[in-house]
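One file, query-v4.cif, is given below (mmCIF, C-alpha atoms).
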data_structure
loop_
_atom_site.label_atom_id
_atom_site.label_comp_id
_atom_site.auth_asym_id
_atom_site.auth_seq_id
_atom_site.Cartn_x
_atom_site.Cartn_y
_atom_site.Cartn_z
CA MET Z 1 39.64 23.73 85.76
CA ARG Z 2 39.03 27.13 84.25
CA PHE Z 3 41.48 29.91 84.87
CA ARG Z 4 40.87 33.59 84.27
CA PHE Z 5 44.41 34.29 83.22
CA CYS Z 6 44.10 31.65 80.49
CA GLY Z 7 40.96 33.34 79.21
CA ASP Z 8 38.50 31.12 81.09
CA LEU Z 9 39.99 28.02 79.49
CA ASP Z 10 42.04 25.16 80.87
CA CYS Z 11 45.64 25.88 81.71
CA PRO Z 12 47.96 24.39 79.02
CA ASP Z 13 49.74 21.21 80.12
CA TRP Z 14 53.21 22.57 79.52
CA VAL Z 15 52.55 25.51 81.87
CA LEU Z 16 51.46 23.11 84.60
CA ALA Z 17 54.61 21.08 84.05
CA GLU Z 18 56.92 24.08 84.25
CA ILE Z 19 55.40 25.51 87.44
CA SER Z 20 57.51 23.03 89.37
CA THR Z 21 60.62 24.33 87.57
CA LEU Z 22 59.72 27.86 88.69
CA ALA Z 23 59.45 26.68 92.30
CA LYS Z 24 63.10 25.61 92.22
CA ILE Z 25 64.39 29.19 92.02
CA SER Z 26 64.25 31.43 95.10
CA SER Z 27 61.41 33.96 95.10
CA VAL Z 28 63.77 36.95 95.05
CA LYS Z 29 65.56 35.65 91.94
CA LEU Z 30 62.17 34.88 90.37
CA LYS Z 31 61.12 38.50 90.82
CA LEU Z 32 64.31 39.68 89.08
CA ILE Z 33 63.79 37.24 86.20
CA CYS Z 34 60.20 38.53 85.91
CA GLY Z 35 61.59 42.04 85.53
CA GLN Z 36 63.73 40.89 82.61
CA VAL Z 37 60.84 39.03 80.96
CA LEU Z 38 58.59 42.10 81.34
CA LYS Z 39 61.25 44.21 79.62
CA ASP Z 40 61.35 41.71 76.76
CA LEU Z 41 57.56 41.70 76.41
CA GLN Z 42 57.63 45.48 76.10
CA GLY Z 43 60.12 45.16 73.25
CA GLU Z 44 63.21 46.36 75.09
CA GLY Z 45 65.19 43.16 74.52
CA ILE Z 46 66.25 40.51 77.00
CA ASP Z 47 69.55 40.12 78.85
CA TYR Z 48 70.00 36.37 78.57
CA GLU Z 49 73.35 36.45 80.41
CA LYS Z 50 71.73 37.97 83.49
CA ILE Z 51 69.04 35.29 83.54
CA LEU Z 52 71.70 32.58 83.18
CA LYS Z 53 73.51 34.04 86.18
CA LEU Z 54 70.31 34.20 88.25
CA THR Z 55 69.44 30.58 87.50
CA SER Z 56 72.98 29.29 87.95
CA ASP Z 57 72.61 28.22 91.61
CA ALA Z 58 69.45 26.27 90.85
CA ARG Z 59 71.71 24.46 88.38
CA PHE Z 60 69.36 24.73 85.43
CA GLU Z 61 70.24 23.25 82.07
CA SER Z 62 69.74 25.44 79.01
CA GLY Z 63 66.39 23.75 78.32
CA ASP Z 64 65.18 24.64 81.82
CA VAL Z 65 66.20 28.30 81.44
CA LYS Z 66 64.33 28.59 78.15
CA ALA Z 67 61.30 26.86 79.68
CA THR Z 68 61.32 29.33 82.60
CA ILE Z 69 61.41 32.32 80.26
CA ALA Z 70 58.66 30.79 78.10
CA VAL Z 71 56.32 30.05 81.00
CA LEU Z 72 56.84 33.49 82.58
CA SER Z 73 56.21 35.18 79.20
CA PHE Z 74 53.02 33.19 78.80
CA ILE Z 75 51.71 33.91 82.31
CA LEU Z 76 52.47 37.64 82.21
CA SER Z 77 51.28 38.31 78.65
CA SER Z 78 48.16 36.17 79.10
CA ALA Z 79 47.27 37.94 82.35
CA ALA Z 80 47.71 41.33 80.68
CA LYS Z 81 45.69 40.17 77.66
CA HIS Z 82 42.68 39.23 79.80
CA SER Z 83 43.14 42.18 82.22
CA VAL Z 84 43.46 39.99 85.28
CA ASP Z 85 44.17 41.90 88.49
CA SER Z 86 47.21 40.81 90.48
CA ASP Z 87 45.30 39.29 93.45
CA SER Z 88 43.32 36.91 91.22
CA LEU Z 89 46.52 36.03 89.36
CA SER Z 90 48.26 35.28 92.64
CA SER Z 91 45.48 32.98 93.88
CA GLU Z 92 45.22 31.18 90.53
CA LEU Z 93 48.99 30.57 90.43
CA GLN Z 94 48.86 29.20 93.97
CA GLN Z 95 46.05 26.86 92.86
CA LEU Z 96 48.41 25.60 90.16
CA GLY Z 97 51.00 24.77 92.78
CA LEU Z 98 53.33 27.78 92.81
CA PRO Z 99 54.50 28.51 96.39
CA LYS Z 100 52.98 31.58 98.07
CA GLU Z 101 56.12 33.81 98.16
CA HIS Z 102 56.87 33.11 94.49
CA ALA Z 103 53.30 33.94 93.50
CA THR Z 104 53.24 37.20 95.49
CA GLY Z 105 56.64 38.26 94.10
CA LEU Z 106 55.54 37.54 90.53
CA CYS Z 107 52.25 39.36 90.99
CA ARG Z 108 53.92 42.39 92.50
CA SER Z 109 56.18 42.76 89.41
CA TYR Z 110 53.11 42.21 87.23
CA GLU Z 111 51.10 44.86 89.05
CA GLU Z 112 53.81 47.49 88.65
CA LYS Z 113 54.09 46.95 84.94
CA GLN Z 114 50.51 46.03 84.05
CA SER Z 115 49.50 49.29 82.31
CA PRO Z 116 52.71 49.80 80.28
CA LEU Z 117 52.52 46.15 79.24
CA GLN Z 118 48.91 46.50 78.13
CA ASP Z 119 49.80 49.67 76.22
CA SER Z 120 52.62 47.97 74.36
CA LEU Z 121 50.36 45.00 73.57
CA ARG Z 122 47.79 47.44 72.22
CA THR Z 123 50.32 49.03 69.85
CA HIS Z 124 51.36 45.58 68.63
CA SER Z 125 47.80 44.56 67.82
CA LEU Z 126 47.04 43.80 64.23
CA ARG Z 127 46.87 46.91 62.14
CA LEU Z 128 47.05 46.96 58.38
CA ASN Z 129 48.75 50.28 57.81
CA HIS Z 130 49.25 53.66 59.49
CA LEU Z 131 49.04 57.15 58.09
CA ASP Z 132 52.42 58.62 58.82
CA SER Z 133 52.20 62.19 57.53
CA VAL Z 134 50.21 64.47 55.23
CA SER Z 135 51.61 67.29 53.14
CA TRP Z 136 49.67 69.65 50.91
CA ARG Z 137 50.08 72.46 48.41
CA VAL Z 138 47.55 74.83 46.90
CA ASP Z 139 48.11 75.89 43.29
CA GLN Z 140 46.24 78.29 41.08
CA THR Z 141 45.79 77.17 37.46
CA LEU Z 142 46.11 80.27 35.30
CA SER Z 143 45.45 78.92 31.85
CA SER Z 144 45.51 75.70 29.86
CA SER Z 145 45.59 74.44 26.29
CA GLU Z 146 41.75 74.26 26.32
CA LEU Z 147 40.89 77.64 27.81
CA GLN Z 148 43.01 80.75 28.06
CA GLN Z 149 41.74 82.07 31.41
CA VAL Z 150 41.19 79.25 33.90
CA ASN Z 151 41.96 80.78 37.32
CA GLU Z 152 41.03 77.83 39.44
CA PRO Z 153 42.62 76.66 42.71
CA LEU Z 154 43.89 73.12 43.00
CA VAL Z 155 45.02 71.18 46.07
CA HIS Z 156 47.87 68.64 45.89
CA LEU Z 157 47.77 66.13 48.74
CA LYS Z 158 50.48 63.64 49.61
CA PHE Z 159 49.83 60.93 52.21
CA THR Z 160 52.75 58.87 53.50
CA VAL Z 161 51.46 55.45 54.52
CA ARG Z 162 53.48 53.09 56.70
CA ASP Z 163 52.99 49.43 55.85
CA GLY Z 164 52.04 47.23 58.81
CA ASP Z 165 54.70 44.48 58.68
CA ARG Z 166 57.72 45.88 57.11
CA GLY Z 167 57.48 49.47 58.27
CA MET Z 168 58.14 50.75 54.74
CA MET Z 169 56.84 54.20 53.87
CA GLU Z 170 54.81 54.50 50.72
CA PRO Z 171 53.80 57.91 49.35
CA PHE Z 172 50.34 58.34 47.92
CA ALA Z 173 49.66 61.57 46.05
CA MET Z 174 46.55 63.07 44.48
CA THR Z 175 45.19 66.35 43.17
CA VAL Z 176 41.76 67.56 44.19
CA SER Z 177 39.71 70.40 42.72
CA ALA Z 178 38.11 72.96 45.04
CA GLU Z 179 34.53 71.53 45.10
CA LYS Z 180 35.67 67.94 45.50
CA PHE Z 181 37.94 69.05 48.28
CA ARG Z 182 35.06 70.78 50.05
CA VAL Z 183 33.03 67.55 49.89
CA LEU Z 184 35.99 65.53 51.17
CA LEU Z 185 36.51 67.92 54.06
CA ALA Z 186 32.81 67.89 55.03
CA GLU Z 187 32.66 64.09 55.05
CA LEU Z 188 35.86 63.78 57.07
CA ARG Z 189 34.53 66.33 59.58
CA GLN Z 190 31.40 64.22 60.04
CA ALA Z 191 33.50 61.10 60.60
CA HIS Z 192 35.67 63.02 63.09
CA ALA Z 193 32.59 64.19 65.02
CA MET Z 194 31.39 60.59 65.21
CA MET Z 195 34.80 59.44 66.50
CA LYS Z 196 34.69 62.15 69.17
CA THR Z 197 31.32 60.93 70.47
CA LEU Z 198 32.81 57.46 70.92
CA SER Z 199 36.06 58.22 72.71
CA MET E 1 67.07 -4.85 44.96
CA LEU E 2 70.49 -4.34 43.42
CA LEU E 3 72.04 -1.04 42.47
CA VAL E 4 72.98 -0.96 38.81
CA LEU E 5 76.12 1.10 38.30
CA SER E 6 76.96 2.57 34.89
CA GLU E 7 80.35 1.94 33.26
CA GLU E 8 81.42 5.51 33.86
CA HIS E 9 80.51 5.20 37.52
CA LYS E 10 82.50 1.98 37.85
CA GLU E 11 85.46 3.69 36.23
CA HIS E 12 85.28 6.59 38.68
CA LEU E 13 85.08 4.26 41.62
CA GLY E 14 87.95 2.18 40.20
CA PHE E 15 90.31 4.85 41.48
CA LEU E 16 89.49 3.78 45.04
CA THR E 17 91.33 0.47 44.58
CA GLN E 18 94.57 2.31 43.95
CA VAL E 19 94.67 3.96 47.37
CA ASP E 20 94.75 2.43 50.84
CA SER E 21 91.72 2.09 53.08
CA ALA E 22 92.50 5.05 55.32
CA VAL E 23 92.23 7.31 52.28
CA VAL E 24 88.96 5.66 51.25
CA GLY E 25 87.66 6.28 54.76
CA GLU E 26 88.69 9.92 54.40
CA PHE E 27 86.93 10.16 51.03
CA GLY E 28 83.83 8.68 52.61
CA ARG E 29 83.89 11.32 55.33
CA ILE E 30 84.34 14.08 52.74
CA ALA E 31 81.42 12.67 50.70
CA VAL E 32 79.08 12.78 53.72
CA GLU E 33 80.27 16.26 54.65
CA PHE E 34 79.50 17.43 51.10
CA LEU E 35 76.01 15.95 51.38
CA ARG E 36 75.49 17.91 54.58
CA LYS E 37 76.95 21.26 53.66
CA GLY E 38 77.66 21.42 49.92
CA THR E 39 80.81 20.82 47.87
CA ASN E 40 84.13 22.55 48.46
CA PRO E 41 86.43 22.23 45.40
CA LYS E 42 89.51 23.32 47.40
CA ILE E 43 89.52 19.97 49.20
CA TYR E 44 89.96 18.23 45.85
CA GLU E 45 93.09 20.28 45.15
CA GLY E 46 94.67 19.45 48.50
CA ALA E 47 93.95 15.72 48.16
CA ALA E 48 95.20 15.69 44.55
CA ARG E 49 98.52 17.18 45.60
CA LYS E 50 98.97 14.69 48.46
CA LEU E 51 98.15 11.61 46.36
CA ASN E 52 99.92 12.85 43.25
CA VAL E 53 97.00 12.51 40.85
CA SER E 54 94.89 15.08 39.00
CA SER E 55 92.08 16.71 40.95
CA ASP E 56 89.55 15.45 38.37
CA VAL E 57 90.22 11.86 39.39
CA ILE E 58 89.70 12.78 43.07
CA GLN E 59 86.50 14.63 42.23
CA HIS E 60 85.13 11.67 40.29
CA GLY E 61 86.05 9.32 43.10
CA VAL E 62 84.28 11.40 45.76
CA GLU E 63 81.26 12.01 43.52
CA GLY E 64 81.07 8.30 42.73
CA LEU E 65 81.02 7.53 46.44
CA THR E 66 78.37 10.19 47.06
CA TYR E 67 76.16 8.80 44.30
CA LEU E 68 76.58 5.27 45.65
CA LEU E 69 75.53 6.41 49.13
CA THR E 70 72.57 8.51 48.01
CA GLU E 71 71.20 5.84 45.66
CA GLY E 72 71.54 3.23 48.37
CA SER E 73 69.86 5.43 50.99
CA LYS E 74 67.15 6.53 48.56
CA LEU E 75 66.12 2.95 47.75
CA MET E 76 66.80 1.82 51.33
CA ILE E 77 68.57 -1.34 50.13
CA SER E 78 69.49 -3.99 52.65
CA GLU E 79 73.08 -4.82 53.68
CA ILE E 80 73.20 -7.92 51.50
CA ASP E 81 71.99 -6.05 48.43
CA PHE E 82 74.50 -3.29 49.02
CA GLN E 83 77.32 -5.81 49.37
CA ASP E 84 76.27 -7.58 46.18
CA SER E 85 76.07 -4.29 44.28
CA VAL E 86 79.57 -3.37 45.43
CA LEU E 87 80.99 -6.84 44.61
CA VAL E 88 80.50 -5.99 40.92
CA LEU E 89 83.22 -3.36 41.25
CA GLY E 90 85.78 -6.00 42.19
CA PHE E 91 87.12 -4.31 45.29
CA SER E 92 89.07 -6.02 48.04
CA GLU E 93 87.21 -7.59 50.98
CA GLU E 94 88.41 -4.84 53.32
CA LEU E 95 87.22 -2.09 50.98
CA ASN E 96 83.81 -3.75 50.64
CA LYS E 97 83.45 -3.88 54.41
CA LEU E 98 84.49 -0.23 54.70
CA LEU E 99 81.93 0.88 52.12
CA LEU E 100 79.21 -1.16 53.83
CA GLN E 101 80.03 0.42 57.19
CA LEU E 102 79.97 3.88 55.64
CA TYR E 103 76.57 3.15 54.11
CA LEU E 104 75.05 1.80 57.33
CA ASP E 105 76.39 4.59 59.52
CA ASN E 106 75.15 7.43 57.37
CA ARG E 107 71.99 5.96 55.88
CA LYS E 108 69.54 7.60 58.29
CA GLU E 109 71.10 11.04 58.03
CA ILE E 110 71.25 10.92 54.23
CA ARG E 111 67.59 9.92 54.13
CA ASN E 112 66.76 12.97 56.28
CA ILE E 113 68.66 15.27 53.94
CA LEU E 114 67.00 13.73 50.87
CA GLY E 115 63.60 14.15 52.55
CA GLU E 116 64.11 17.88 52.74
CA LEU E 117 64.55 18.15 48.98
CA ALA E 118 60.89 17.38 48.24
CA PRO E 119 58.78 20.37 47.07
CA LYS E 120 56.76 22.00 49.81
CA LEU E 121 53.63 24.11 49.86
CA PRO E 122 53.50 27.21 52.05
CA SER E 123 52.98 26.14 55.63
CA TYR E 124 51.40 27.85 58.61
CA HIS E 125 53.66 30.10 60.65
CA SER E 126 51.40 32.26 62.82
CA LEU E 127 48.06 34.05 62.93
CA GLU E 128 47.06 37.52 64.13
CA TRP E 129 43.43 38.57 64.43
CA ARG E 130 41.35 41.58 65.32
CA LEU E 131 37.65 42.04 66.07
CA ASP E 132 36.14 45.32 64.82
CA VAL E 133 32.63 46.74 64.75
CA GLN E 134 31.60 49.06 61.93
CA LEU E 135 29.41 51.77 63.45
CA ALA E 136 28.86 54.12 60.54
CA SER E 137 29.91 54.74 56.99
CA ARG E 138 29.54 57.61 54.55
CA SER E 139 26.28 56.18 53.25
CA LEU E 140 24.70 54.79 56.42
CA ARG E 141 24.87 55.83 60.07
CA GLN E 142 23.83 53.89 63.17
CA GLN E 143 25.04 50.50 62.01
CA ILE E 144 26.39 47.59 63.97
CA LYS E 145 28.44 45.29 61.76
CA PRO E 146 31.07 43.12 63.44
CA ALA E 147 34.02 41.88 61.37
CA VAL E 148 37.06 39.76 62.12
CA THR E 149 40.29 40.71 60.34
CA ILE E 150 42.86 37.93 60.13
CA LYS E 151 46.49 38.13 59.08
CA LEU E 152 47.85 34.69 58.19
CA HIS E 153 51.65 34.38 58.19
CA LEU E 154 52.90 31.62 55.89
CA ASP E 155 56.38 30.18 55.52
CA GLN E 156 57.72 28.52 52.36
CA ASN E 157 61.35 27.40 52.42
CA GLY E 158 62.27 30.36 54.59
CA ASP E 159 60.30 33.01 52.66
CA GLN E 160 57.59 34.61 54.72
CA THR E 161 54.39 35.75 53.06
CA THR E 162 51.25 37.17 54.62
CA LYS E 163 47.61 36.91 53.58
CA ILE E 164 45.02 39.33 54.93
CA LEU E 165 41.45 38.04 55.21
CA GLN E 166 38.28 39.49 56.60
CA THR E 167 35.12 37.70 57.60
CA ASP E 168 31.95 38.21 59.63
CA PRO E 169 31.45 36.13 62.81
CA ALA E 170 28.90 33.77 61.21
CA THR E 171 31.32 32.71 58.48
CA LEU E 172 34.07 32.37 61.07
CA LEU E 173 31.92 30.00 63.12
CA HIS E 174 31.19 27.98 59.99
CA LEU E 175 34.92 27.86 59.21
CA ILE E 176 35.70 26.63 62.74
CA GLN E 177 32.99 23.99 62.44
CA GLN E 178 34.39 22.72 59.13
CA LEU E 179 37.93 22.55 60.53
CA GLU E 180 36.73 20.66 63.60
CA GLN E 181 34.92 18.23 61.31
CA ALA E 182 38.16 17.75 59.37
CA LEU E 183 40.02 17.00 62.60
CA GLY E 184 37.22 14.65 63.60
CA GLU E 185 37.84 12.61 60.44
CA MET E 186 41.01 11.26 62.04
CA LYS E 187 38.86 9.41 64.57
CA THR E 188 36.76 7.52 62.01
CA ASN E 189 37.35 3.80 61.47
CA HIS E 190 38.65 4.32 57.95
CA CYS E 191 41.45 6.67 59.05
CA ARG E 192 42.24 4.58 62.12
CA ARG E 193 42.72 1.48 59.93
CA ILE E 194 45.10 3.31 57.59
CA VAL E 195 47.13 4.81 60.46
CA ARG E 196 47.44 1.39 62.10
CA ASN E 197 48.70 -0.12 58.86
CA ILE E 198 51.30 2.59 58.28
CA LYS E 199 52.70 2.11 61.76
#

Translate this structure into C-alpha cells?
Amino acid sequence: MRFRFCGDLDCPDWVLAEISTLAKISSVKLKLICGQVLKDLQGEGIDYEKILKLTSDARFESGDVKATIAVLSFILSSAAKHSVDSDSLSSELQQLGLPKEHATGLCRSYEEKQSPLQDSLRTHSLRLNHLDSVSWRVDQTLSSSELQQVNEPLVHLKFTVRDGDRGMMEPFAMTVSAEKFRVLLAELRQAHAMMKTLS
Amino acid sequence: MLLVLSEEHKEHLGFLTQVDSAVVGEFGRIAVEFLRKGTNPKIYEGAARKLNVSSDVIQHGVEGLTYLLTEGSKLMISEIDFQDSVLVLGFSEELNKLLLQLYLDNRKEIRNILGELAPKLPSYHSLEWRLDVQLASRSLRQQIKPAVTIKLHLDQNGDQTTKILQTDPATLLHLIQQLEQALGEMKTNHCRRIVRNIK
C-alpha cells in the first residue's frame, strides 16, 4: 500500500507495529506529546520528564515511550518532508489503524506547526558552507621598490566562511587591484540579476 | 587443546594456593572487572595490606588469572581441556572447580570484549543528500545540469569523519544498480551454501 506521507512508498513495518502503541494513550495526551515532539524537531529540545508523566497512566515501559517518540517524529517529519496536507495525513493514519480522535488530534497539531517545521527542515538541509560576513578596505599604494610613483588603489577583502558541520569560522582574505575588482563586481552583478529572475 | 603455561605464569598462579578459596573467588571477580573496565592499581594495595604480602605478588596473581581466562576464552577450550590445563598447576580439587566455574561463567562476556579489539574500518553512520540544478555559470548561460551532492558520515572507533561527494543522476542510478546487484549476490546458490554451512 502506498502512502503519501511515506513518499509514495510502503509504510515501514515498525511504524505499523507502533501505531497500536499510540492508540493506548488518550487522544488529549497524544496531542500534548505531539507538541513536545514538534518542539524537538524544530531543535528546541525535548522535555522527556513531561512525556514520561503523560504516558504514566498508560503504564508504558521505557521502550514503549521511546518507540512512541520515534514513531511520532517519523510521521511528523515525513509528512512535512513530502508536504502532505493535514486531511490526507489524517485519512492515511486512519487507514493504518489509528483511531479517528487520535488522528484528528495529531493532524491538528501538525497543521499548526507545518510551516515552521518545514522552515527549520529547510535550514537543516545539506549545505557545505555559509558566507558569514564580508569586510573590506581600500588602500592607495603610493610608491614601491620598483617604481617611485605608483598611486594605485587596492581593495582588501576578507570573507568569513562558516563551515557546515562544525560551525567554525574561517577567514579568507585577498587583495584585488582596481581592474580585477571591476570585473569581479560586474560578474557578480550578472549572477545576482539571474538569481533575482528566479526567486 | 591444552593451554601451555610458562614457568613464570605457574609461579604467579602458585600464590593462589596459599590463600583460601573465598579470596581466590574475589581475585577472580577483580580479574573480570579489570577485563571490563581496565586495571585499578589501588585495589592491589588494599588486598596486599589485608593479606600481608607485597602488592607485586597480588598483581601477578590477578594478572595470571586474567591471562588464564583470556587465553581459555580466546581458544574456546572445552571444560575438560581447561581442567587438564589447570591440573598442571597442582591446585586443590576445590580450587580447580572454582577456576573452572569462573571460566565457564565469564567465557561469553570475555569473548565479546576480545571481539571488540579487532581493527575496524570506518563504518557507515548516516547520509545527507541534496539535489541541485545548475542553471548558468560565468562561461555559459541557459544550462540545465542536475547534480546530487552527498555528505557521507563515517564512524571509526568513535571518531566521526565526513566525505563530500558529487555526482550526476546517471552515475547515481548506475551506483544504485551496482549496489542492488551486490545485495542480490546474497541470494545466489554459492552464498546460500556458505551461509548454511556457517550456521

(Q) Please determine, counting all atoms listed in the file, which residue among Z:Ala23, Z:Arg189, Z:Ser62, Z:Val176 has the shortest atom-to-atom distance to Glu101 in chain Z. (A)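 Among the listed residues, the smallest separation from Glu101 in chain Z belongs to Z:Ala23.
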
Q: Residues of chain Z near chain E: apply a cut-off of 8 Å, count only C-alpha atoms, and supply the list as a list in words.
A: Ser125, Leu126 and Glu187 of chain Z

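In terms of minimum interatomic distance to Thr175 in chain Z, Z:Leu154 ranks closest within Z:Leu30, Z:Leu198, Z:Leu72, Z:Leu154, counting all atoms listed in the file.
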
Q: Might you pull out every residue within 10 Å of Leu13 in chain E, with all atoms listed in the file counted and same-chain residues fewer than 2 positions away left off, and present them as a PyMOL selection string?
A: chain E and resi 7-11+15-18+57-58+60-65+68+89+91

Output of the above residues as a PDB file, keeping the file's coordinate frame, restricted to C-alpha atoms:
ATOM      1  CA  GLU E   7      80.350   1.940  33.260  1.00  0.00           C
ATOM      2  CA  GLU E   8      81.420   5.510  33.860  1.00  0.00           C
ATOM      3  CA  HIS E   9      80.510   5.200  37.520  1.00  0.00           C
ATOM      4  CA  LYS E  10      82.500   1.980  37.850  1.00  0.00           C
ATOM      5  CA  GLU E  11      85.460   3.690  36.230  1.00  0.00           C
ATOM      6  CA  PHE E  15      90.310   4.850  41.480  1.00  0.00           C
ATOM      7  CA  LEU E  16      89.490   3.780  45.040  1.00  0.00           C
ATOM      8  CA  THR E  17      91.330   0.470  44.580  1.00  0.00           C
ATOM      9  CA  GLN E  18      94.570   2.310  43.950  1.00  0.00           C
ATOM     10  CA  VAL E  57      90.220  11.860  39.390  1.00  0.00           C
ATOM     11  CA  ILE E  58      89.700  12.780  43.070  1.00  0.00           C
ATOM     12  CA  HIS E  60      85.130  11.670  40.290  1.00  0.00           C
ATOM     13  CA  GLY E  61      86.050   9.320  43.100  1.00  0.00           C
ATOM     14  CA  VAL E  62      84.280  11.400  45.760  1.00  0.00           C
ATOM     15  CA  GLU E  63      81.260  12.010  43.520  1.00  0.00           C
ATOM     16  CA  GLY E  64      81.070   8.300  42.730  1.00  0.00           C
ATOM     17  CA  LEU E  65      81.020   7.530  46.440  1.00  0.00           C
ATOM     18  CA  LEU E  68      76.580   5.270  45.650  1.00  0.00           C
ATOM     19  CA  LEU E  89      83.220  -3.360  41.250  1.00  0.00           C
ATOM     20  CA  PHE E  91      87.120  -4.310  45.290  1.00  0.00           C
TER      21      PHE E  91
END

Q: List, as a ChimeraX atom specification, every residue that the PyMOL selection byres ((chain E and resi 70) around 9) selects in the file provided.
A: /E:35,65-69,71-75,107,110-111,114

**Q.** Nearest candidate to Ser83 in chain Z (options Z:Phe5, Z:Ala70, Z:Leu121, Z:Leu147; using only C-alpha atoms)
**A.**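 Using only C-alpha atoms, Ser83 in chain Z sits closest to Z:Phe5.
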
Q: Could you check how far CA of Ile144 in chain E sits from CA of Gln190 in chain Z, in Å to one decimal?
A: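 The value is 17.8 Å.
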
Q: Evaluate the PyMOL selection byres ((chain Z and resi 71) around 12) and record the selected residues as a PyMOL selection string, following the chain and residue labels used in the document.
A: chain Z and resi 11-22+33-34+37+64-70+72-78+93

Q) Residues picked by the PyMOL selection byres ((chain Z and resi 160) around 12) here, as a list of chain:residue names? A)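 Written out, the selection comes to Z:Asn129, Z:His130, Z:Leu131, Z:Asp132, Z:Ser133, Z:Val134, Z:Ser135, Z:Trp136, Z:Leu157, Z:Lys158, Z:Phe159, Z:Val161, Z:Arg162, Z:Asp163, Z:Gly167, Z:Met168, Z:Met169, Z:Glu170, Z:Pro171, Z:Phe172, Z:Ala173, Z:Met174.
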
Q. Using all atoms listed in the file, which residue out of E:Val53, E:Leu179, E:Leu99, E:Val19 lies closest to Ala31 in chain E?
A.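 Ranking E:Val53, E:Leu179, E:Leu99, E:Val19 by distance to Ala31 in chain E, first place goes to E:Leu99.
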
(Q) I'd like to know which of E:Leu152, E:Val23, E:Ile30, E:Ile80 is closest to Ser123 in chain E, using only C-alpha atoms. (A) E:Leu152

(Q) I'd like the interatomic distance between CA of Leu185 in chain Z and CA of Glu152 in chain Z, to a tenth of an Å. (A)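 Computing the Euclidean distance for CA of Leu185 in chain Z and CA of Glu152 in chain Z yields 18.2 Å.
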
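The two atoms in question, CA of Glu49 in chain Z and CA of Ser109 in chain Z, are spaced 20.4 Å apart.
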
Q: Can you work out which one of Z:Leu9, Z:Ser86, Z:Glu112, Z:Leu106 has the shortest atom-to-atom distance to Ser27 in chain Z, counting all atoms listed in the file?
A: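 Smallest separation from Ser27 in chain Z among the options: Z:Leu106.
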
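Within 8 Å of the point (53.9, 29.3, 53.2), and counting all atoms listed in the file, the protein, DNA and RNA residues are Leu121, Pro122, Ser123, Tyr124, His125, His153, Leu154, Asp155, Gln156, Asn157, Asp159, Gln160 and Thr161 of chain E.
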
Q: Find the residues near Gln140 in chain Z: any atom within 12 Å, counting all atoms listed in the file, skip ones fewer than 6 places away on the same chain, and give them as a ChimeraX atom specification.
A: /Z:149-156,177-178
